[in-house]
$ cat target_34.pdb   # PDB, C-alpha atoms
ATOM      1  CA  MET A  53     -10.133  72.818  40.018
ATOM      2  CA  LEU A  54      -8.764  71.272  36.819
ATOM      3  CA  LEU A  55      -6.373  73.674  35.096
ATOM      4  CA  ARG A  56      -6.350  72.458  31.479
ATOM      5  CA  ASN A  57      -4.820  75.394  29.640
ATOM      6  CA  GLN A  58      -3.130  78.755  30.001
ATOM      7  CA  GLU A  59      -6.448  80.608  30.118
ATOM      8  CA  ASP A  60      -7.725  78.448  32.982
ATOM      9  CA  LEU A  61      -4.530  79.083  34.908
ATOM     10  CA  GLU A  62      -4.788  82.830  34.497
ATOM     11  CA  VAL A  63      -8.463  82.827  35.498
ATOM     12  CA  SER A  64      -7.649  80.716  38.549
ATOM     13  CA  LEU A  65      -4.909  83.101  39.652
ATOM     14  CA  LEU A  66      -7.250  86.035  39.113
ATOM     15  CA  LEU A  67      -9.911  84.397  41.271
ATOM     16  CA  SER A  68      -7.326  83.668  43.940
ATOM     17  CA  SER A  69      -6.315  87.327  44.077
ATOM     18  CA  GLU A  70      -9.948  88.451  44.167
ATOM     19  CA  LYS A  71     -10.710  86.150  47.073
ATOM     20  CA  SER A  72      -7.763  87.636  48.910
ATOM     21  CA  ALA A  73      -8.916  91.227  48.382
ATOM     22  CA  PRO A  74     -10.034  93.156  51.495
ATOM     23  CA  ARG A  75     -13.673  94.029  52.164
ATOM     24  CA  LYS A  76     -14.753  97.580  51.421
ATOM     25  CA  ASP A  77     -15.066  98.306  55.107
ATOM     26  CA  ALA A  78     -11.628  96.919  55.950
ATOM     27  CA  PRO A  79      -8.329  98.833  55.972
ATOM     28  CA  ARG A  80      -6.658  98.993  52.563
ATOM     29  CA  TYR A  81      -2.963  98.197  52.076
ATOM     30  CA  TYR A  82      -2.322  99.028  48.426
ATOM     31  CA  GLY A  83       1.346  99.712  47.955
ATOM     32  CA  THR A  84       2.242  98.437  51.428
ATOM     33  CA  THR A  85       4.345  95.441  52.408
ATOM     34  CA  SER A  86       1.269  93.163  52.627
ATOM     35  CA  GLY A  87       0.235  93.990  49.082
ATOM     36  CA  VAL A  88       3.725  93.373  47.757
ATOM     37  CA  LEU A  89       3.953  90.030  49.569
ATOM     38  CA  LEU A  90       0.634  88.954  48.072
ATOM     39  CA  LEU A  91       1.803  89.741  44.553
ATOM     40  CA  LEU A  92       5.098  87.942  45.158
ATOM     41  CA  PHE A  93       3.231  84.891  46.452
ATOM     42  CA  ILE A  94       0.998  84.745  43.352
ATOM     43  CA  ALA A  95       3.936  85.235  41.002
ATOM     44  CA  GLY A  96       6.000  82.644  42.837
ATOM     45  CA  THR A  97       3.195  80.099  42.713
ATOM     46  CA  TYR A  98       2.768  80.629  38.978
ATOM     47  CA  CYS A  99       6.508  80.254  38.314
ATOM     48  CA  TYR A 100       6.719  77.092  40.401
ATOM     49  CA  LEU A 101       3.767  75.424  38.686
ATOM     50  CA  PHE A 102       4.986  76.468  35.257
ATOM     51  CA  ALA A 103       8.474  75.135  35.948
ATOM     52  CA  THR A 104       7.365  71.813  37.411
ATOM     53  CA  THR A 105       5.210  71.087  34.342
ATOM     54  CA  ASN A 106       7.914  72.123  31.843
ATOM     55  CA  GLY A 107       5.664  74.903  30.626
ATOM     56  CA  ASN A 108       2.760  72.569  29.865
ATOM     57  CA  THR A 109      -0.121  73.844  31.955
ATOM     58  CA  GLU A 110      -2.337  70.956  30.873
ATOM     59  CA  LYS A 111      -0.301  68.799  33.230
ATOM     60  CA  LEU A 112      -1.523  70.854  36.170
ATOM     61  CA  GLY A 113      -5.012  69.455  35.711
ATOM     62  CA  PHE A 114      -3.843  66.015  34.679
ATOM     63  CA  SER A 115      -2.123  65.539  38.045
ATOM     64  CA  LEU A 116      -5.620  65.200  39.517
ATOM     65  CA  GLN A 117      -6.452  62.566  36.931
ATOM     66  CA  GLU A 118      -3.228  60.734  37.800
ATOM     67  CA  GLU A 119      -4.421  60.638  41.403
ATOM     68  CA  LYS A 120      -7.661  58.991  40.253
ATOM     69  CA  ILE A 121      -5.721  56.475  38.172
ATOM     70  CA  SER A 122      -3.457  55.542  41.052
ATOM     71  CA  SER A 123      -6.281  55.146  43.557
ATOM     72  CA  PHE A 124      -8.800  52.853  41.821
ATOM     73  CA  ASN A 125      -8.633  49.289  43.110
ATOM     74  CA  LEU A 126     -10.521  46.998  40.728
ATOM     75  CA  PHE A 127     -11.707  46.408  37.182
ATOM     76  CA  VAL A 128     -15.258  45.575  36.185
ATOM     77  CA  PHE A 129     -15.036  43.149  33.290
ATOM     78  CA  ALA A 130     -18.213  43.058  31.196
ATOM     79  CA  MET A 131     -19.091  40.338  28.708
ATOM     80  CA  THR A 132     -21.995  40.472  26.260
ATOM     81  CA  TYR A 133     -24.485  37.955  24.932
ATOM     82  CA  GLU A 134     -24.616  39.352  21.410
ATOM     83  CA  PRO A 135     -28.021  37.910  20.370
ATOM     84  CA  GLY A 136     -29.608  39.631  23.379
ATOM     85  CA  PHE A 137     -27.674  42.855  22.796
ATOM     86  CA  CYS A 138     -28.634  42.881  19.120
ATOM     87  CA  PHE A 139     -32.351  42.298  19.612
ATOM     88  CA  HIS A 140     -34.197  44.953  17.553
ATOM     89  CA  LYS A 141     -30.904  46.692  16.604
ATOM     90  CA  ASP A 142     -30.138  47.309  12.940
ATOM     91  CA  TRP A 143     -26.355  47.474  13.278
ATOM     92  CA  ASP A 144     -24.498  45.719  10.472
ATOM     93  CA  GLY A 145     -23.128  43.021  12.752
ATOM     94  CA  CYS A 146     -26.591  42.403  14.204
ATOM     95  CA  VAL A 147     -28.336  42.192  10.839
ATOM     96  CA  HIS A 148     -25.560  39.911   9.537
ATOM     97  CA  PRO A 149     -24.437  38.114  12.705
ATOM     98  CA  ASN A 150     -21.468  35.853  13.206
ATOM     99  CA  GLN A 151     -22.494  32.243  13.771
ATOM    100  CA  GLU A 152     -19.765  31.886  16.409
ATOM    101  CA  GLU A 153     -21.534  34.385  18.631
ATOM    102  CA  THR A 154     -24.300  31.853  19.232
ATOM    103  CA  LYS A 155     -21.795  29.691  21.111
ATOM    104  CA  SER A 156     -20.041  32.069  23.496
ATOM    105  CA  LEU A 157     -20.041  35.513  25.084
ATOM    106  CA  THR A 158     -17.924  38.410  23.815
ATOM    107  CA  ILE A 159     -16.079  41.176  25.622
ATOM    108  CA  HIS A 160     -17.840  44.475  26.168
ATOM    109  CA  GLY A 161     -15.075  46.204  28.105
ATOM    110  CA  MET A 162     -12.702  46.334  31.064
ATOM    111  CA  TRP A 163     -13.433  49.319  33.294
ATOM    112  CA  PRO A 164     -11.392  50.822  36.146
ATOM    113  CA  GLN A 165     -13.628  51.118  39.192
ATOM    114  CA  PHE A 166     -13.623  52.254  42.799
ATOM    115  CA  GLU A 167     -15.120  49.856  45.317
ATOM    116  CA  ASP A 168     -17.844  52.368  46.188
ATOM    117  CA  GLY A 169     -19.269  51.925  42.687
ATOM    118  CA  THR A 170     -17.923  55.127  41.128
ATOM    119  CA  TRP A 171     -15.320  55.209  38.379
ATOM    120  CA  PRO A 172     -12.879  57.518  36.597
ATOM    121  CA  GLN A 173     -13.405  58.223  32.916
ATOM    122  CA  PHE A 174     -11.809  60.093  29.993
ATOM    123  CA  CYS A 175      -8.524  60.575  31.846
ATOM    124  CA  SER A 176      -6.504  61.831  28.870
ATOM    125  CA  LYS A 177      -6.879  62.894  25.248
ATOM    126  CA  GLU A 178      -4.727  60.047  23.943
ATOM    127  CA  THR A 179      -6.480  58.672  20.860
ATOM    128  CA  PHE A 180      -6.879  55.027  19.920
ATOM    129  CA  ASP A 181      -3.876  53.609  18.073
ATOM    130  CA  GLN A 182      -4.836  51.623  14.972
ATOM    131  CA  LYS A 183      -1.760  49.457  15.542
ATOM    132  CA  ILE A 184      -3.835  47.638  18.167
ATOM    133  CA  ILE A 185      -5.905  46.167  15.317
ATOM    134  CA  LYS A 186      -2.786  44.858  13.602
ATOM    135  CA  GLU A 187      -1.369  43.377  16.798
ATOM    136  CA  PHE A 188      -4.526  41.819  18.267
ATOM    137  CA  GLY A 189      -6.789  41.535  15.209
ATOM    138  CA  ASP A 190      -7.391  37.791  15.351
ATOM    139  CA  GLU A 191      -8.265  37.804  19.060
ATOM    140  CA  LEU A 192     -10.390  40.943  18.799
ATOM    141  CA  LYS A 193     -12.389  39.422  15.956
ATOM    142  CA  LYS A 194     -13.128  36.333  18.049
ATOM    143  CA  LYS A 195     -13.409  37.644  21.620
ATOM    144  CA  TRP A 196     -14.206  41.356  21.239
ATOM    145  CA  PRO A 197     -16.119  41.989  17.990
ATOM    146  CA  ASP A 198     -17.588  45.355  17.066
ATOM    147  CA  GLU A 199     -21.219  44.888  16.027
ATOM    148  CA  ASN A 200     -20.949  47.953  13.818
ATOM    149  CA  ASN A 201     -19.248  45.621  11.323
ATOM    150  CA  ILE A 202     -20.226  42.584   9.293
ATOM    151  CA  PRO A 203     -18.169  39.418   9.970
ATOM    152  CA  SER A 204     -16.464  39.579   6.561
ATOM    153  CA  ASP A 205     -15.075  43.057   7.303
ATOM    154  CA  PRO A 206     -14.608  43.053  11.107
ATOM    155  CA  PHE A 207     -12.591  46.270  11.380
ATOM    156  CA  ALA A 208     -14.328  48.537   8.877
ATOM    157  CA  SER A 209     -15.259  50.561  11.961
ATOM    158  CA  THR A 210     -13.221  50.747  15.163
ATOM    159  CA  LYS A 211     -15.779  52.806  17.105
ATOM    160  CA  LEU A 212     -16.085  50.256  19.910
ATOM    161  CA  TYR A 213     -12.343  50.113  20.580
ATOM    162  CA  GLU A 214     -11.974  53.877  20.282
ATOM    163  CA  HIS A 215     -14.754  54.379  22.825
ATOM    164  CA  GLU A 216     -13.490  51.772  25.285
ATOM    165  CA  TRP A 217      -9.978  53.165  25.172
ATOM    166  CA  SER A 218     -10.985  56.847  25.433
ATOM    167  CA  LYS A 219     -13.495  56.416  28.251
ATOM    168  CA  HIS A 220     -11.969  53.582  30.257
ATOM    169  CA  GLY A 221      -8.524  52.601  28.983
ATOM    170  CA  THR A 222      -7.049  56.060  29.495
ATOM    171  CA  CYS A 223      -7.869  55.698  33.200
ATOM    172  CA  SER A 224      -6.305  52.235  33.577
ATOM    173  CA  GLY A 225      -2.730  53.428  34.075
ATOM    174  CA  LEU A 226      -1.738  50.974  31.324
ATOM    175  CA  SER A 227      -0.415  51.536  27.836
ATOM    176  CA  GLN A 228      -2.829  50.758  25.012
ATOM    177  CA  GLU A 229      -1.005  47.549  24.220
ATOM    178  CA  SER A 230      -1.080  46.424  27.857
ATOM    179  CA  TYR A 231      -4.714  47.426  28.294
ATOM    180  CA  PHE A 232      -6.036  45.464  25.326
ATOM    181  CA  ARG A 233      -3.771  42.498  26.020
ATOM    182  CA  ALA A 234      -4.988  42.362  29.647
ATOM    183  CA  ALA A 235      -8.645  42.587  28.617
ATOM    184  CA  LEU A 236      -8.292  39.781  26.093
ATOM    185  CA  ALA A 237      -6.454  37.647  28.656
ATOM    186  CA  SER A 238      -9.253  38.201  31.185
ATOM    187  CA  TYR A 239     -11.854  36.514  28.971
ATOM    188  CA  VAL A 240     -13.944  34.222  31.181
ATOM    189  CA  THR A 241     -14.854  30.768  29.851
ATOM    190  CA  PRO A 242     -17.761  28.894  31.481
ATOM    191  CA  THR A 243     -17.735  25.317  32.723
ATOM    192  CA  PRO A 244     -18.566  23.551  30.534
ATOM    193  CA  SER A 245     -17.193  25.758  27.766
ATOM    194  CA  THR A 246     -20.179  24.808  25.595
ATOM    195  CA  PHE A 247     -22.731  26.178  28.089
ATOM    196  CA  ILE A 248     -23.886  29.173  25.998
ATOM    197  CA  GLY A 249     -24.148  27.163  22.795
ATOM    198  CA  GLU A 250     -26.120  24.432  24.514
ATOM    199  CA  HIS A 251     -28.716  26.925  25.784
ATOM    200  CA  TYR A 252     -28.784  29.264  22.776
ATOM    201  CA  GLY A 253     -32.362  30.113  21.866
ATOM    202  CA  SER A 254     -33.836  28.520  24.981
ATOM    203  CA  GLU A 255     -34.603  29.117  28.637
ATOM    204  CA  VAL A 256     -32.183  28.508  31.492
ATOM    205  CA  ASN A 257     -32.276  29.038  35.226
ATOM    206  CA  ALA A 258     -30.214  32.080  36.193
ATOM    207  CA  GLN A 259     -28.524  30.120  38.972
ATOM    208  CA  GLU A 260     -27.247  27.583  36.445
ATOM    209  CA  LEU A 261     -25.717  30.449  34.497
ATOM    210  CA  ILE A 262     -24.111  31.875  37.634
ATOM    211  CA  ASN A 263     -22.685  28.496  38.583
ATOM    212  CA  ALA A 264     -21.239  27.933  35.112
ATOM    213  CA  PHE A 265     -19.350  31.240  35.255
ATOM    214  CA  GLY A 266     -17.880  31.021  38.753
ATOM    215  CA  GLY A 267     -20.695  31.091  41.295
ATOM    216  CA  ASP A 268     -22.460  33.576  43.555
ATOM    217  CA  GLY A 269     -20.560  36.789  44.234
ATOM    218  CA  ILE A 270     -18.310  36.152  41.215
ATOM    219  CA  ALA A 271     -20.630  36.127  38.192
ATOM    220  CA  PHE A 272     -23.365  38.757  37.846
ATOM    221  CA  PRO A 273     -25.596  37.943  34.848
ATOM    222  CA  GLN A 274     -27.422  41.026  33.621
ATOM    223  CA  CYS A 275     -30.980  40.936  32.253
ATOM    224  CA  LYS A 276     -33.586  43.263  30.811
ATOM    225  CA  GLY A 277     -36.722  41.715  32.169
ATOM    226  CA  LYS A 278     -36.214  38.021  31.555
ATOM    227  CA  TYR A 279     -33.881  38.522  28.586
ATOM    228  CA  PHE A 280     -30.199  37.758  29.084
ATOM    229  CA  GLN A 281     -27.789  40.564  28.095
ATOM    230  CA  GLY A 282     -24.414  39.493  29.449
ATOM    231  CA  ILE A 283     -22.331  38.906  32.580
ATOM    232  CA  SER A 284     -20.127  41.220  34.655
ATOM    233  CA  PHE A 285     -17.208  40.270  36.887
ATOM    234  CA  CYS A 286     -14.769  41.989  39.231
ATOM    235  CA  PHE A 287     -11.015  41.664  38.855
ATOM    236  CA  ASP A 288      -8.702  42.963  41.562
ATOM    237  CA  ARG A 289      -6.000  45.358  40.444
ATOM    238  CA  ASP A 290      -2.479  44.068  41.050
ATOM    239  CA  LYS A 291      -0.724  46.559  43.327
ATOM    240  CA  ASN A 292       2.649  45.914  41.699
ATOM    241  CA  ASN A 293       1.955  46.221  37.980
ATOM    242  CA  GLY A 294      -1.569  47.696  37.807
ATOM    243  CA  GLN A 295      -2.851  44.756  35.758
ATOM    244  CA  PRO A 296      -6.054  42.848  36.520
ATOM    245  CA  THR A 297      -5.299  39.766  38.578
ATOM    246  CA  THR A 298      -5.667  36.313  37.071
ATOM    247  CA  GLY A 299      -9.287  35.233  37.288
ATOM    248  CA  PRO A 300     -12.311  37.113  38.680
ATOM    249  CA  THR A 301     -12.716  37.790  42.399
ATOM    250  CA  ARG A 302     -15.735  38.478  44.607
ATOM    251  CA  CYS A 303     -17.404  41.847  44.032
ATOM    252  CA  SER A 304     -18.229  43.949  47.080
ATOM    253  CA  GLY A 305     -19.360  47.384  48.235
ATOM    254  CA  GLY A 306     -20.999  49.810  45.861
ATOM    255  CA  THR A 307     -19.863  47.868  42.811
ATOM    256  CA  LYS A 308     -21.722  44.761  43.952
ATOM    257  CA  LYS A 309     -24.859  46.797  44.664
ATOM    258  CA  ASP A 310     -24.778  48.299  41.166
ATOM    259  CA  LEU A 311     -24.336  44.917  39.489
ATOM    260  CA  GLU A 312     -27.238  43.491  41.472
ATOM    261  CA  LYS A 313     -29.661  46.077  40.069
ATOM    262  CA  GLN A 314     -30.131  44.159  36.798
ATOM    263  CA  LEU A 315     -29.226  40.726  38.135
ATOM    264  CA  CYS A 316     -30.997  37.890  36.320
ATOM    265  CA  LYS A 317     -33.357  35.836  38.471
ATOM    266  CA  GLY A 318     -35.417  32.709  37.913
ATOM    267  CA  MET A 319     -35.912  31.392  34.387
ATOM    268  CA  ILE A 320     -34.385  33.625  31.714
ATOM    269  CA  ASP A 321     -34.291  33.612  27.907
ATOM    270  CA  LEU A 322     -31.155  33.301  25.806
ATOM    271  CA  GLU A 323     -32.980  34.562  22.744
ATOM    272  CA  PRO A 324     -31.582  33.800  19.273
ATOM    273  CA  PHE A 325     -30.418  36.195  16.581
ATOM    274  CA  LEU A 326     -33.410  37.280  14.510
ATOM    275  CA  ASN A 327     -31.549  36.684  11.234
ATOM    276  CA  LEU A 328     -30.079  33.241  11.864
TER     277      LEU A 328
END
$ encode --input "target_34.pdb" --output "structure tokens"
Amino acid sequence: MLLRNQEDLEVSLLLSSEKSAPRKDAPRYYGTTSGVLLLLFIAGTYCYLFATTNGNTEKLGFSLQEEKISSFNLFVFAMTYEPGFCFHKDWDGCVHPNQEETKSLTIHGMWPQFEDGTWPQFCSKETFDQKIIKEFGDELKKKWPDENNIPSDPFASTKLYEHEWSKHGTCSGLSQESYFRAALASYVTPTPSTFIGEHYGSEVNAQELINAFGGDGIAFPQCKGKYFQGISFCFDRDKNNGQPTTGPTRCSGGTKKDLEKQLCKGMIDLEPFLNL
């Protein structure tokens, strides 16, 4: 049970005492040694938990989140083909697209993941720090744009970064600075680097796309029907510093099965922006 505030703690202790109460047909021990010991046990437990969290009962629940953070073993790194993502969307950045996004993929997010395909999310209430925009603005604009914005005003909205940090970054075990720096550093460039631009607005065999981004088991291009949406990768989590390792690794287990559900096959379309 997650104990997130004083009220939750009191309710939990009340439930614990109710579960310990005797049945109506059992002998009663009110006022006896057993009853006193039970009350002392409850009081002692409360005092211990209160003391070990410095009076902050929110930390009682967060310890369970810390366990989730410490136990995940990989990151799913998702990259987006913006023309495919923007198809039939009226977001500002889709209506007025950036010409550079016809030449390369952009970052969608970097997500802590368990190998069985499940993941932790919303692990704390820490809000997005706008200083991240100041520190990484140039790279974010190029590698991780928010399609809520037009290219001439790329940070009018920071909804994308706020969402990615709140849902996924808070579970990474990294500071905000480290999280965004690691995600930007994990950007995957195809071979050749001009692959996306060369096939923009045309058809390509899905296997060619897979080969350009690392090969089978490494690159998982995602499609809706025959329309290309982006590519997902797996990055191992470094056991020493918690960072994603350098370069994608082979996906396995439940994560691989999930990524294969929308795997592109055969000839696929890299459709163009409607307004370019």
$ atom_distance --input "target_34.pdb" --atom1 "atom CA of A:Asn257" --atom2 "atom CA of A:Lys141"
25.7 Å
$ residues_around --input "target_34.pdb" --residues "A:Lys177" --least-positions-apart "3" --cutoff "9 Å" --atoms "all atoms listed in the file" --output "tab-separated table (two decimals) with C-alpha atoms, in the frame of the given file"
chain	number	residue	atom	x	y	z
A	174	PHE	CA	-11.81	60.09	29.99
A	218	SER	CA	-10.98	56.85	25.43
A	222	THR	CA	-7.05	56.06	29.50
$ resolve_selection --input "target_34.pdb" --expression "the PyMOL selection byres ((chain A and resi 203) around 9)" --output "list of chain:residue names"
A:Asp144, A:Gly145, A:His148, A:Pro149, A:Asn150, A:Lys193, A:Pro197, A:Glu199, A:Asn201, A:Ile202, A:Ser204, A:Asp205, A:Pro206, A:Phe207
$ resolve_selection --input "target_34.pdb" --expression "the PyMOL selection byres ((chain A and resi 161) around 10)" --output "list of chain:residue names"
A:Phe127, A:Val128, A:Phe129, A:Ala130, A:Met131, A:Thr132, A:Thr158, A:Ile159, A:His160, A:Met162, A:Trp163, A:Pro164, A:Trp196, A:Leu212, A:Tyr213, A:His215, A:Glu216, A:Trp217, A:His220, A:Gly221, A:Phe232, A:Ala235, A:Leu236, A:Ser284
$ axis_aligned_box --input "target_34.pdb" --around "stretch 243-256 of chain A" --padding-each-side "5 Å" --output "JSON"
{"center_x": -25.9, "center_y": 26.8, "center_z": 27.3, "size_x": 27.4, "size_y": 16.6, "size_z": 20.9}
$ closest_residue --input "target_34.pdb" --among "A:Asp190, A:Asp168, A:Asp321, A:Asp268" --to "A:Gly253" --atoms "all atoms listed in the file"
A:Asp321
$ closest_residue --input "target_34.pdb" --among "A:Gly266, A:Pro135, A:Gly318, A:Gly189" --to "A:Thr301" --atoms "only C-alpha atoms"
A:Gly266
$ atom_distance --input "target_34.pdb" --atom1 "atom CA of A:Cys138" --atom2 "atom CA of A:His251"
17.3 Å
$ residues_around --input "target_34.pdb" --residues "A:Glu250" --least-positions-apart "4" --cutoff "10 Å" --atoms "only C-alpha atoms" --output "list in words"
Thr154, Lys155, Ser156, Pro244, Ser245, Thr246 and Ser254 of chain A
$ resolve_selection --input "target_34.pdb" --expression "the PyMOL selection byres ((chain A and resi 267) around 12)" --output "count of residues only"
23
$ atom_distance --input "target_34.pdb" --atom1 "atom CA of A:Ser123" --atom2 "atom CA of A:Gln274"
27.3 Å
$ build_atoms --input "target_34.pdb" --residues "stretch 298-310 of chain A" --atoms "N, CA, C and O atoms" --output "PDB file, keeping the file's coordinate frame"
ATOM      1  N   THR A 298      -5.227  37.470  37.841  1.00  0.00           N
ATOM      2  CA  THR A 298      -5.667  36.313  37.071  1.00  0.00           C
ATOM      3  C   THR A 298      -6.962  35.752  37.649  1.00  0.00           C
ATOM      4  O   THR A 298      -6.998  35.317  38.794  1.00  0.00           O
ATOM      5  N   GLY A 299      -8.009  35.775  36.856  1.00  0.00           N
ATOM      6  CA  GLY A 299      -9.287  35.233  37.288  1.00  0.00           C
ATOM      7  C   GLY A 299     -10.099  36.222  38.094  1.00  0.00           C
ATOM      8  O   GLY A 299      -9.553  37.037  38.843  1.00  0.00           O
ATOM      9  N   PRO A 300     -11.430  36.187  37.954  1.00  0.00           N
ATOM     10  CA  PRO A 300     -12.311  37.113  38.680  1.00  0.00           C
ATOM     11  C   PRO A 300     -12.329  36.841  40.173  1.00  0.00           C
ATOM     12  O   PRO A 300     -12.078  35.722  40.625  1.00  0.00           O
ATOM     13  N   THR A 301     -12.621  37.893  40.947  1.00  0.00           N
ATOM     14  CA  THR A 301     -12.716  37.790  42.399  1.00  0.00           C
ATOM     15  C   THR A 301     -14.120  38.226  42.831  1.00  0.00           C
ATOM     16  O   THR A 301     -14.922  38.672  42.021  1.00  0.00           O
ATOM     17  N   ARG A 302     -14.407  38.125  44.104  1.00  0.00           N
ATOM     18  CA  ARG A 302     -15.735  38.478  44.607  1.00  0.00           C
ATOM     19  C   ARG A 302     -15.936  39.996  44.552  1.00  0.00           C
ATOM     20  O   ARG A 302     -15.069  40.756  44.985  1.00  0.00           O
ATOM     21  N   CYS A 303     -17.065  40.426  44.036  1.00  0.00           N
ATOM     22  CA  CYS A 303     -17.404  41.847  44.032  1.00  0.00           C
ATOM     23  C   CYS A 303     -17.934  42.240  45.409  1.00  0.00           C
ATOM     24  O   CYS A 303     -18.511  41.410  46.123  1.00  0.00           O
ATOM     25  N   SER A 304     -17.753  43.484  45.776  1.00  0.00           N
ATOM     26  CA  SER A 304     -18.229  43.949  47.080  1.00  0.00           C
ATOM     27  C   SER A 304     -18.588  45.429  47.007  1.00  0.00           C
ATOM     28  O   SER A 304     -18.405  46.087  45.979  1.00  0.00           O
ATOM     29  N   GLY A 305     -19.087  45.954  48.119  1.00  0.00           N
ATOM     30  CA  GLY A 305     -19.360  47.384  48.235  1.00  0.00           C
ATOM     31  C   GLY A 305     -20.347  47.904  47.211  1.00  0.00           C
ATOM     32  O   GLY A 305     -21.271  47.220  46.763  1.00  0.00           O
ATOM     33  N   GLY A 306     -20.110  49.145  46.806  1.00  0.00           N
ATOM     34  CA  GLY A 306     -20.999  49.810  45.861  1.00  0.00           C
ATOM     35  C   GLY A 306     -21.031  49.145  44.504  1.00  0.00           C
ATOM     36  O   GLY A 306     -22.057  49.173  43.814  1.00  0.00           O
ATOM     37  N   THR A 307     -19.909  48.557  44.104  1.00  0.00           N
ATOM     38  CA  THR A 307     -19.863  47.868  42.811  1.00  0.00           C
ATOM     39  C   THR A 307     -20.830  46.690  42.795  1.00  0.00           C
ATOM     40  O   THR A 307     -21.585  46.501  41.839  1.00  0.00           O
ATOM     41  N   LYS A 308     -20.811  45.904  43.863  1.00  0.00           N
ATOM     42  CA  LYS A 308     -21.722  44.761  43.952  1.00  0.00           C
ATOM     43  C   LYS A 308     -23.175  45.230  43.909  1.00  0.00           C
ATOM     44  O   LYS A 308     -24.012  44.634  43.207  1.00  0.00           O
ATOM     45  N   LYS A 309     -23.483  46.286  44.641  1.00  0.00           N
ATOM     46  CA  LYS A 309     -24.859  46.797  44.664  1.00  0.00           C
ATOM     47  C   LYS A 309     -25.310  47.215  43.272  1.00  0.00           C
ATOM     48  O   LYS A 309     -26.454  46.973  42.870  1.00  0.00           O
ATOM     49  N   ASP A 310     -24.430  47.866  42.519  1.00  0.00           N
ATOM     50  CA  ASP A 310     -24.778  48.299  41.166  1.00  0.00           C
ATOM     51  C   ASP A 310     -25.044  47.106  40.254  1.00  0.00           C
ATOM     52  O   ASP A 310     -25.988  47.103  39.462  1.00  0.00           O
TER      53      ASP A 310
END
